[in-house]
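Working notes for the structure below.
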Amino acid sequence: MTGNTALGTMFGAASADTFMGIPRCRDLSRLTARMALIGADGCTPYPSVGFYCAGGPAAIRAAGAAYAANLAHMNFDLGGPVFPGGVSAVDAGDLEQDIGDPAGNRSRIFGAVSQILDRGGVPMLIGGDDSLPIPMLEAYGARRRGFTILQIDAHIDWRDEVQGERLGLSSTMRRASEMDHIDAIIQVGQRGIGSARMQDVQDAEAWGVGFVPAGEVARSGIGRAIDLISEGAEVIVCLDLDALDPPIMPAVIGRTAGGLGFWQVLELIAGVAEKARIVGFDMVEFMPDRDVDGQGAALAAQLLAAVMGIVARQG
């Protein structure tokens with residue numbers, strides 16, 4: 001037994017095959033919980049990188065196993081237990097994604113999210129590369145119009161195509177802007193030099209995106225980002241983990257200095273939940289091969305637990 005494992009056991013950690021040991025859901029068509037967690041190793045890969053975040057959901061679940069025996073304990077990130085009125089979430093496991101079947105991968109994500117929404121639940125999608133949110137966002141189109149996206153990311157993802165692929169990880173927000181049911185997009189955390197061309201930025205601004213770069217967050221806080229969310233809006237939060245600063249989140253493909261801190265991300269999401277309603281959440285771009293001593297996985301698990309607690313507290 002390693003020292004870390006021994007310490008975890010001393011403080012109540014237990015083995016679990018679901019995130020935090022929450023109940024398993026094997027049939028989403030019978031969902032009764034408030035939220036449902038699903039994982040996916042990838043969706044629409046570029047030929048040059050494939051499923052480079054494979055194993056991400058498994059790593060985050062493994063880090064969350066430390067909470068399994070003490071889920072009802074005090075969570076100081078929330079001021080109470082994760083689920084104050086009893087566990088209100090289930091884990092539906094990972095979708096079987098095939099690197100050679102992008103259309104099938106998208107269909108499986110679309111279908112799982114649709115089932116959760118049909119049952120009145122909040123989808124919580126973990127991965128996996130940043131092409132996952134495209135079919136997730138598409139699934140909301142059959143419900144109603146007028147959704148807002150809050151994207152927290154180091155990059156803006158407004159490329160029309162990369163290597164001939166229009167549904168890949170660099171095009172997520174451009175594809176979202178083309179969906180009739182998306183009314184507003186707020187993007188927080190941009191920094192450094194990424195894949196965006198000047199025309200991509202101009203196209204995003206012309207569409208109406210509200211940008212809050214990481215430098216502004218560092219200087220002035222998250223207030224303007226929350227102000228850009230309309231009162232009472234229904235918000236889908238898309239969190240790319242490279243939005244966080246590399247010293248605390250090393251497990252990403254594109255480490256860029258100057259990222260957001262844990263509390264900035266958490267308080268942004270909590271602030272949105274206070275004035276609007278979170279109806280979906282994804283956490284993507286976790287790359288296990290780049291993690292350092294499990295640090296990134298532990299942070300992702302802590303953040304995911306807190307977001308679940310925020311959603312559980314919504315009216």
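To be explicit about the labels: the chains of the structure tokens are called A, B, and onward in the order shown, and within each one the residues are counted from 1, while ligands get numbers from 1 in the order they are shown.
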Legend entry - Selection: 12 Å around Ser29 of chain A, only C-alpha atoms, excl. self and same-chain fewer than 4 positions, as a PyMOL selection string: chain A and resi 25+33+36+92+111-121
Produce a file of the selected residues containing all heavy atoms, as a CSV table (one decimal), in the first residue's frame.
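Resulting contents of result34.csv:
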chain,number,residue,atom,x,y,z
A,25,CYS,N,-26.5,4.2,-12.7
A,25,CYS,CA,-27.7,4.2,-13.5
A,25,CYS,C,-27.4,3.5,-14.8
A,25,CYS,O,-26.6,3.9,-15.6
A,25,CYS,CB,-28.2,5.7,-13.8
A,25,CYS,SG,-29.6,5.7,-14.9
A,33,ALA,N,-33.1,10.8,-10.8
A,33,ALA,CA,-32.3,11.8,-10.1
A,33,ALA,C,-32.2,13.1,-10.8
A,33,ALA,O,-32.6,13.3,-12.0
A,33,ALA,CB,-30.8,11.2,-10.0
A,36,ALA,N,-27.3,13.5,-14.0
A,36,ALA,CA,-26.7,12.2,-14.4
A,36,ALA,C,-25.4,12.5,-15.0
A,36,ALA,O,-25.2,13.3,-15.9
A,36,ALA,CB,-27.6,11.5,-15.4
A,92,ALA,N,-23.9,7.2,-14.9
A,92,ALA,CA,-24.3,6.3,-16.0
A,92,ALA,C,-23.1,5.6,-16.7
A,92,ALA,O,-23.3,4.9,-17.7
A,92,ALA,CB,-25.2,7.0,-17.0
A,111,GLY,N,-27.7,10.9,-27.9
A,111,GLY,CA,-28.8,10.1,-27.4
A,111,GLY,C,-28.8,10.0,-25.9
A,111,GLY,O,-29.9,10.1,-25.3
A,112,ALA,N,-27.6,10.0,-25.3
A,112,ALA,CA,-27.6,9.9,-23.8
A,112,ALA,C,-28.0,11.2,-23.2
A,112,ALA,O,-28.8,11.2,-22.2
A,112,ALA,CB,-26.1,9.6,-23.3
A,113,VAL,N,-27.6,12.3,-23.8
A,113,VAL,CA,-28.0,13.6,-23.2
A,113,VAL,C,-29.5,13.8,-23.5
A,113,VAL,O,-30.2,14.3,-22.6
A,113,VAL,CB,-27.2,14.8,-23.9
A,113,VAL,CG1,-27.7,16.1,-23.5
A,113,VAL,CG2,-25.7,14.7,-23.5
A,114,SER,N,-30.0,13.4,-24.6
A,114,SER,CA,-31.4,13.5,-24.9
A,114,SER,C,-32.2,12.8,-23.8
A,114,SER,O,-33.3,13.3,-23.4
A,114,SER,CB,-31.7,13.0,-26.3
A,114,SER,OG,-31.1,13.8,-27.3
A,115,GLN,N,-31.8,11.6,-23.5
A,115,GLN,CA,-32.5,10.8,-22.5
A,115,GLN,C,-32.5,11.5,-21.1
A,115,GLN,O,-33.6,11.5,-20.5
A,115,GLN,CB,-31.9,9.4,-22.4
A,115,GLN,CG,-32.2,8.4,-23.5
A,115,GLN,CD,-31.7,7.0,-23.2
A,115,GLN,OE1,-30.5,6.8,-22.9
A,115,GLN,NE2,-32.6,6.1,-23.3
A,116,ILE,N,-31.4,12.1,-20.8
A,116,ILE,CA,-31.4,12.8,-19.5
A,116,ILE,C,-32.3,14.0,-19.5
A,116,ILE,O,-33.1,14.2,-18.5
A,116,ILE,CB,-29.9,13.2,-19.2
A,116,ILE,CG1,-29.0,12.0,-19.0
A,116,ILE,CG2,-29.9,14.1,-17.9
A,116,ILE,CD1,-27.5,12.4,-19.0
A,117,LEU,N,-32.3,14.7,-20.6
A,117,LEU,CA,-33.2,15.9,-20.7
A,117,LEU,C,-34.6,15.5,-20.7
A,117,LEU,O,-35.5,16.1,-20.2
A,117,LEU,CB,-32.8,16.7,-21.9
A,117,LEU,CG,-31.4,17.4,-21.9
A,117,LEU,CD1,-31.2,18.0,-23.3
A,117,LEU,CD2,-31.3,18.4,-20.8
A,118,ASP,N,-34.9,14.4,-21.4
A,118,ASP,CA,-36.3,13.9,-21.5
A,118,ASP,C,-36.9,13.6,-20.1
A,118,ASP,O,-38.1,13.7,-19.8
A,118,ASP,CB,-36.4,12.6,-22.3
A,118,ASP,CG,-36.3,12.9,-23.8
A,118,ASP,OD1,-36.4,14.1,-24.2
A,118,ASP,OD2,-36.0,12.0,-24.6
A,119,ARG,N,-36.0,13.2,-19.2
A,119,ARG,CA,-36.4,12.8,-17.8
A,119,ARG,C,-36.3,14.0,-16.9
A,119,ARG,O,-36.4,13.8,-15.6
A,119,ARG,CB,-35.5,11.7,-17.3
A,119,ARG,CG,-35.6,10.4,-18.1
A,119,ARG,CD,-37.0,9.7,-18.1
A,119,ARG,NE,-37.3,9.3,-16.7
A,119,ARG,CZ,-38.4,8.8,-16.3
A,119,ARG,NH1,-39.4,8.7,-17.2
A,119,ARG,NH2,-38.6,8.4,-15.1
A,120,GLY,N,-36.0,15.2,-17.4
A,120,GLY,CA,-35.9,16.4,-16.6
A,120,GLY,C,-34.7,16.5,-15.8
A,120,GLY,O,-34.6,17.3,-14.8
A,121,GLY,N,-33.6,15.8,-16.2
A,121,GLY,CA,-32.3,15.8,-15.5
A,121,GLY,C,-31.4,16.8,-16.1
A,121,GLY,O,-31.6,17.4,-17.2
Legend entry - Neighbour list for Asp293 of chain A as a VMD selection string, cut-off 12 Å, only C-alpha atoms, skip fewer than 6 positions in-chain: chain A and resid 4 59 63 248 to 251 299
Can you write out the residues you just picked, keeping all heavy atoms, as a PDB file, in the first residue's frame?
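What ended up in part_19.pdb:
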ATOM      1  N   ASN A   4       0.186   7.421  -0.027  1.00  0.00           N
ATOM      2  CA  ASN A   4      -1.016   8.181  -0.348  1.00  0.00           C
ATOM      3  C   ASN A   4      -2.265   7.345  -0.138  1.00  0.00           C
ATOM      4  O   ASN A   4      -3.274   7.813   0.386  1.00  0.00           O
ATOM      5  CB  ASN A   4      -0.961   8.671  -1.810  1.00  0.00           C
ATOM      6  CG  ASN A   4       0.007   9.810  -1.987  1.00  0.00           C
ATOM      7  OD1 ASN A   4       0.417  10.437  -1.031  1.00  0.00           O
ATOM      8  ND2 ASN A   4       0.397  10.076  -3.230  1.00  0.00           N
ATOM      9  N   ALA A  59      -9.892   8.568 -14.914  1.00  0.00           N
ATOM     10  CA  ALA A  59      -8.976   9.210 -13.969  1.00  0.00           C
ATOM     11  C   ALA A  59      -9.727  10.117 -13.004  1.00  0.00           C
ATOM     12  O   ALA A  59      -9.420  10.158 -11.798  1.00  0.00           O
ATOM     13  CB  ALA A  59      -7.915  10.003 -14.729  1.00  0.00           C
ATOM     14  N   ALA A  63     -10.089   9.613  -8.897  1.00  0.00           N
ATOM     15  CA  ALA A  63      -9.771  10.654  -7.915  1.00  0.00           C
ATOM     16  C   ALA A  63     -10.954  10.928  -7.007  1.00  0.00           C
ATOM     17  O   ALA A  63     -10.784  11.270  -5.830  1.00  0.00           O
ATOM     18  CB  ALA A  63      -9.335  11.926  -8.630  1.00  0.00           C
ATOM     19  N   ILE A 248      -1.724  24.264 -11.287  1.00  0.00           N
ATOM     20  CA  ILE A 248      -2.727  23.504 -10.548  1.00  0.00           C
ATOM     21  C   ILE A 248      -3.443  22.493 -11.438  1.00  0.00           C
ATOM     22  O   ILE A 248      -4.057  21.552 -10.927  1.00  0.00           O
ATOM     23  CB  ILE A 248      -3.761  24.427  -9.865  1.00  0.00           C
ATOM     24  CG1 ILE A 248      -4.553  25.251 -10.895  1.00  0.00           C
ATOM     25  CG2 ILE A 248      -3.084  25.327  -8.849  1.00  0.00           C
ATOM     26  CD1 ILE A 248      -5.731  26.002 -10.285  1.00  0.00           C
ATOM     27  N   MET A 249      -3.381  22.659 -12.766  1.00  0.00           N
ATOM     28  CA  MET A 249      -4.003  21.714 -13.693  1.00  0.00           C
ATOM     29  C   MET A 249      -3.014  21.394 -14.814  1.00  0.00           C
ATOM     30  O   MET A 249      -3.069  21.964 -15.903  1.00  0.00           O
ATOM     31  CB  MET A 249      -5.308  22.286 -14.260  1.00  0.00           C
ATOM     32  CG  MET A 249      -5.994  21.400 -15.301  1.00  0.00           C
ATOM     33  SD  MET A 249      -6.184  19.668 -14.831  1.00  0.00           S
ATOM     34  CE  MET A 249      -7.438  19.779 -13.551  1.00  0.00           C
ATOM     35  N   PRO A 250      -2.079  20.467 -14.547  1.00  0.00           N
ATOM     36  CA  PRO A 250      -1.088  20.124 -15.565  1.00  0.00           C
ATOM     37  C   PRO A 250      -1.607  19.162 -16.631  1.00  0.00           C
ATOM     38  O   PRO A 250      -0.974  19.012 -17.686  1.00  0.00           O
ATOM     39  CB  PRO A 250       0.023  19.462 -14.742  1.00  0.00           C
ATOM     40  CG  PRO A 250      -0.691  18.851 -13.571  1.00  0.00           C
ATOM     41  CD  PRO A 250      -1.815  19.794 -13.253  1.00  0.00           C
ATOM     42  N   ALA A 251      -2.742  18.514 -16.385  1.00  0.00           N
ATOM     43  CA  ALA A 251      -3.196  17.402 -17.222  1.00  0.00           C
ATOM     44  C   ALA A 251      -4.007  17.866 -18.438  1.00  0.00           C
ATOM     45  O   ALA A 251      -5.149  17.448 -18.651  1.00  0.00           O
ATOM     46  CB  ALA A 251      -4.010  16.423 -16.387  1.00  0.00           C
ATOM     47  N   LEU A 299      -7.897  17.776  -8.591  1.00  0.00           N
ATOM     48  CA  LEU A 299      -8.559  19.072  -8.746  1.00  0.00           C
ATOM     49  C   LEU A 299      -9.850  18.923  -9.552  1.00  0.00           C
ATOM     50  O   LEU A 299     -10.893  19.496  -9.191  1.00  0.00           O
ATOM     51  CB  LEU A 299      -7.630  20.075  -9.425  1.00  0.00           C
ATOM     52  CG  LEU A 299      -8.142  21.527  -9.505  1.00  0.00           C
ATOM     53  CD1 LEU A 299      -6.976  22.493  -9.557  1.00  0.00           C
ATOM     54  CD2 LEU A 299      -9.034  21.764 -10.709  1.00  0.00           C
TER      55      LEU A 299
END
Legend entry - Backbone-only DSSP, helix (DSSP H, G or I) members of segment 145-257 of chain A, as a VMD selection string: chain A and resid 172 to 177 198 to 207 214 to 220 223 to 227 241 to 243
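Residue nearest Ala142 of chain A within the list A:Asp180, A:Glu234, A:Asp27, A:Asp160: A:Asp180 [criterion: smallest interatomic distance, only C-alpha atoms].
Proximity to Ser195 of chain A at 8 Å, evaluated using only C-alpha atoms and with sequence-adjacent residues fewer than 3 positions away removed, yields His155, Asp157, Arg159 and Ser170 of chain A.
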Those residues you just picked out, can you put them in a file as a PDB file, in the first residue's frame with C-alpha atoms?
ATOM      1  CA  HIS A 155      -9.190  29.032 -26.337  1.00  0.00           C
ATOM      2  CA  ASP A 157     -12.870  27.336 -30.497  1.00  0.00           C
ATOM      3  CA  ARG A 159     -12.290  27.657 -36.252  1.00  0.00           C
ATOM      4  CA  SER A 170     -11.299  23.733 -32.290  1.00  0.00           C
TER       5      SER A 170
END
Inset, instruction - Go through A:Thr18, A:Asp94, A:Ala40, A:Ala214 and flag the residue nearest Leu132 of chain A, using only C-alpha atoms for the distances. - result: A:Ala40
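Of the residues listed (A:Gly296, A:Gly210, A:Pro84, A:Gly100), A:Gly100 shows the shortest atom-to-atom separation from Pro47 of chain A; distances use only C-alpha atoms.
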Contacts of Arg313 of chain A within 9 Å, only C-alpha atoms, excl. fewer than 3 positions in-chain, as a short mmCIF file (atom, residue, chain, number, x, y, z; two decimals) with N, CA, C and O atoms, in the first residue's frame:
data_model
loop_
_atom_site.label_atom_id
_atom_site.label_comp_id
_atom_site.auth_asym_id
_atom_site.auth_seq_id
_atom_site.Cartn_x
_atom_site.Cartn_y
_atom_site.Cartn_z
N PHE A 83 -24.50 16.98 -1.36
CA PHE A 83 -25.94 16.85 -1.61
C PHE A 83 -26.69 17.08 -0.30
O PHE A 83 -26.86 16.16 0.50
N PRO A 84 -27.14 18.31 -0.05
CA PRO A 84 -27.70 18.64 1.26
C PRO A 84 -29.02 17.93 1.57
O PRO A 84 -29.35 17.73 2.73
N GLY A 85 -29.76 17.54 0.55
CA GLY A 85 -31.04 16.88 0.79
C GLY A 85 -31.03 15.41 0.44
O GLY A 85 -32.07 14.83 0.17
N MET A 308 -21.58 19.74 -8.87
CA MET A 308 -22.76 18.92 -8.57
C MET A 308 -23.51 19.49 -7.37
O MET A 308 -24.74 19.53 -7.34
N GLY A 309 -22.75 19.94 -6.36
CA GLY A 309 -23.39 20.53 -5.19
C GLY A 309 -24.12 21.81 -5.52
O GLY A 309 -25.20 22.09 -4.97
N ILE A 310 -23.55 22.62 -6.42
CA ILE A 310 -24.21 23.85 -6.84
C ILE A 310 -25.52 23.53 -7.57
O ILE A 310 -26.56 24.16 -7.31
#
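Distances to Glu205 of chain A were evaluated for A:Ile186, A:Leu125, A:Val217, A:Ala298 using only C-alpha atoms, and the minimum falls at A:Ile186.
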Inset, instruction - Would you mind listing what lies within 7 Å of Pro102 of chain A as a list in words, with only C-alpha atoms counted and same-chain residues fewer than 4 positions away left out? - result: Cys43, Thr44 and Arg106 of chain A
Inset, instruction - Find the residues around Met283 of chain A up to 12 Å (only C-alpha atoms counted), leave out those fewer than 5 positions away in its own chain, and share them as a count of residues only. - result: 44
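Closest approach to Lys275 of chain A among A:Gly221, A:Arg24, A:Leu228, A:Ala184 is made by A:Leu228 (distances from only C-alpha atoms).
Once Ile222 of chain A and its same-chain neighbours fewer than 2 positions away are set aside, Val188, Gly189, Val212, Ala214, Glu216, Val217, Ala218, Arg219, Ser220, Arg224, Ala225, Ile226, Asp227, Gln264, Val265, Glu267, Leu268, Ile269 and Gly271 of chain A remain within 10 Å of it when counting only C-alpha atoms.
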Inset, instruction - One decimal, Å: what's the distance from atom CA of Met173 of chain A over to atom CA of Ile156 of chain A, could you say? - result: 7.0 Å
Legend entry - DSSP strand (DSSP E or B) selection over segment 57-138 of chain A, as JSON, numbers by chain: {"A": [75, 80, 89, 90, 91, 92, 93, 94, 122, 123, 124, 125, 126, 127]}
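The shortest atom-to-atom distance to Gly258 of chain A, with only C-alpha atoms taken into account, belongs to A:Ala154 out of A:Ala62, A:Ala154, A:Leu137, A:Ile109.
A straight line drawn from atom CA of Arg30 of chain A to atom CA of Thr148 of chain A is 27.4 Å long.
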